[in-house]
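Novice: Right, I'll just put the structure down here and ask away after.
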Amino acid sequence: TTLPELFVSVLASSTGSPDMAIGNAVGSTICNIGLILSTSILFAPSVINKKLFSQKGSLMIGSTILLLIFSIDLTITKVEGLVLFAILGLFIWLNLRQFRGSNILVDNKSSGKKANSKEIAINIMKFVLGTIFIIIGAQLLVDNGKTIAEYYNVPEKIISLTLIALGTSLPELTTSITAIVKGHEGISVGNIIGANILNNTMILGTASVVTKSGLIITKGDISLFGRLFQNVPQTLYVDLPVALSLMLVLIISGIYNKKLKRTTGTVLLLIYIAYLTFLGYNAFSI
């Protein structure tokens, strides 16, 4: 479900649109928690596995704080991108350790159901076709995102943080809706946290590595508080702090209550609405 974000950010960074590359990844993280997960919680409050939730939640928050630190000099260098990949490795290791010794793999083997060569070939074909369409869709999102930004005279970063981020988050939305309908709310929570960790590590790590001089964070006018926030990097002062705030509300309330309540979903959704309001005000007042 994170492949759309990966292709969009890599295409954007390699074609000279770092704002779109960063905005897509960070905007997707904000959208995942502030819109998709908050709505899921409002419809179906979820009981959590406290240990796994705290482990992966801490990794999500830690990777965001590290990303914030890397962004202070307005460049995510290739070396810093490799550090983000190391965190991705830690995330994969945690997942492997989680299932090691569990009955899930044993159950699959003991079911006696084996895929034949025809089924395997069909699945590979579907995977390849899906990947091709994701690449085509990513190219369409990047090209038309730039066109929309130019037509309405809105910064690319705003378009990437809103429309493109929502577009690339549609797989997470579909997964969440399906999980709720089937009564597996925990899948929705786990998918969102995992997707956000991948946004911070795999996507921005890859986007920084494929560029010559790293991923550049540009400055831009933020006009909400007059001259106070003029000509400062929005990613550093607004976007990443909002993402971090959403994560802290989600993880702290989840650990404290041992479940995700509707009050948590309401707070997350209100933060997201306030953030969109800020982006809209800032975009049309520049």
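Residues in the structure tokens are numbered from 1 in each chain, the chains being A, B, ... in the order shown, and ligands are numbered from 1 in the order shown.
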Report the closest atom pair, with its distance in Å rounded to one decimal, for each residue of region 187-221 of chain A that has an atom no farther than 12 Å from region 50-56 of chain A; count only C-alpha atoms, sort by chain and then rising residue number, and write it as a tab-separated table.
Specialist:
residue	atom	partner	partner_atom	distance
A:Ile187	CA	A:Phe53	CA	11.7
A:Val189	CA	A:Phe53	CA	8.9
A:Gly190	CA	A:Phe53	CA	8.0
A:Asn191	CA	A:Lys56	CA	11.0
A:Ile192	CA	A:Lys56	CA	10.8
A:Ile193	CA	A:Lys56	CA	7.1
A:Gly194	CA	A:Lys56	CA	7.7
A:Ala195	CA	A:Lys56	CA	11.1
A:Asn196	CA	A:Lys56	CA	10.3
A:Ile197	CA	A:Lys56	CA	8.4
A:Leu198	CA	A:Lys56	CA	11.6
Novice: Would you write out those residues with all heavy atoms, as a compact mmCIF listing (two decimals), in the first residue's frame?
Specialist:
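Contents of the output file selection.txt:
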# COMPACT_ATOMS: atom_id res chain seq x y z
N ILE A 187 -5.98 -4.58 12.04
CA ILE A 187 -5.23 -4.55 10.77
C ILE A 187 -5.11 -3.11 10.29
O ILE A 187 -4.07 -2.69 9.78
CB ILE A 187 -5.94 -5.42 9.71
CG1 ILE A 187 -5.83 -6.90 10.11
CG2 ILE A 187 -5.34 -5.19 8.32
CD1 ILE A 187 -6.54 -7.84 9.17
N VAL A 189 -5.07 -0.33 12.08
CA VAL A 189 -4.11 0.39 12.91
C VAL A 189 -2.68 -0.02 12.54
O VAL A 189 -1.80 0.83 12.33
CB VAL A 189 -4.36 0.13 14.41
CG1 VAL A 189 -3.31 0.84 15.27
CG2 VAL A 189 -5.76 0.59 14.80
N GLY A 190 -2.44 -1.33 12.45
CA GLY A 190 -1.11 -1.82 12.11
C GLY A 190 -0.65 -1.37 10.74
O GLY A 190 0.52 -1.03 10.54
N ASN A 191 -1.57 -1.36 9.78
CA ASN A 191 -1.25 -0.94 8.42
C ASN A 191 -0.84 0.53 8.37
O ASN A 191 0.12 0.90 7.69
CB ASN A 191 -2.45 -1.18 7.50
CG ASN A 191 -2.18 -0.75 6.07
OD1 ASN A 191 -1.22 -1.17 5.46
ND2 ASN A 191 -3.03 0.12 5.55
N ILE A 192 -1.56 1.38 9.11
CA ILE A 192 -1.26 2.81 9.12
C ILE A 192 0.09 3.08 9.76
O ILE A 192 0.91 3.85 9.23
CB ILE A 192 -2.38 3.60 9.85
CG1 ILE A 192 -3.69 3.53 9.07
CG2 ILE A 192 -1.95 5.05 10.07
CD1 ILE A 192 -3.65 4.14 7.69
N ILE A 193 0.34 2.46 10.92
CA ILE A 193 1.63 2.67 11.60
C ILE A 193 2.77 2.17 10.72
O ILE A 193 3.80 2.84 10.56
CB ILE A 193 1.65 1.96 12.97
CG1 ILE A 193 0.66 2.65 13.92
CG2 ILE A 193 3.06 1.97 13.57
CD1 ILE A 193 0.56 1.99 15.28
N GLY A 194 2.60 1.00 10.11
CA GLY A 194 3.63 0.46 9.23
C GLY A 194 3.87 1.35 8.02
O GLY A 194 5.02 1.60 7.63
N ALA A 195 2.78 1.85 7.43
CA ALA A 195 2.91 2.73 6.26
C ALA A 195 3.65 4.01 6.62
O ALA A 195 4.47 4.51 5.84
CB ALA A 195 1.52 3.05 5.71
N ASN A 196 3.40 4.54 7.81
CA ASN A 196 4.06 5.78 8.23
C ASN A 196 5.55 5.57 8.47
O ASN A 196 6.38 6.44 8.16
CB ASN A 196 3.39 6.34 9.48
CG ASN A 196 2.03 6.93 9.19
OD1 ASN A 196 1.68 7.16 8.04
ND2 ASN A 196 1.25 7.15 10.23
N ILE A 197 5.90 4.42 9.03
CA ILE A 197 7.33 4.11 9.22
C ILE A 197 8.01 4.00 7.87
O ILE A 197 9.13 4.51 7.66
CB ILE A 197 7.50 2.81 10.03
CG1 ILE A 197 7.00 3.02 11.47
CG2 ILE A 197 8.97 2.36 10.05
CD1 ILE A 197 6.95 1.74 12.30
N LEU A 198 7.35 3.38 6.91
CA LEU A 198 7.90 3.26 5.55
C LEU A 198 8.00 4.63 4.88
O LEU A 198 8.95 4.88 4.13
CB LEU A 198 7.03 2.33 4.71
CG LEU A 198 7.05 0.85 5.11
CD1 LEU A 198 6.08 0.05 4.24
CD2 LEU A 198 8.44 0.26 5.00
Novice: Name all residues at most 12 Å from region 36-38 of chain A (count only C-alpha atoms; drop same-chain ones fewer than 3 positions away) and give them as a PyMOL selection string.
Specialist: chain A and resi 28-33+41-46+165-166+169-177+179-180+185-193+195-196+246-247+249-250+260-273
Novice: Would you work out the distance separating CA of Leu6 (chain A) from CA of Ser40 (chain A), expressed in Å to one decimal?
Specialist: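 A separation of 24.0 Å between them.
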Novice: Using only C-alpha atoms, pick whichever of A:Thr201, A:Ser71, A:Thr206, A:Thr39 has the shortest atom-to-atom distance to Phe7 (chain A).
Specialist: A:Thr206
Novice: How many Å separate CA of Glu5 (chain A) from CA of Thr75 (chain A)?
Specialist: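 We find that CA of Glu5 (chain A) and CA of Thr75 (chain A) lie 19.8 Å from each other.
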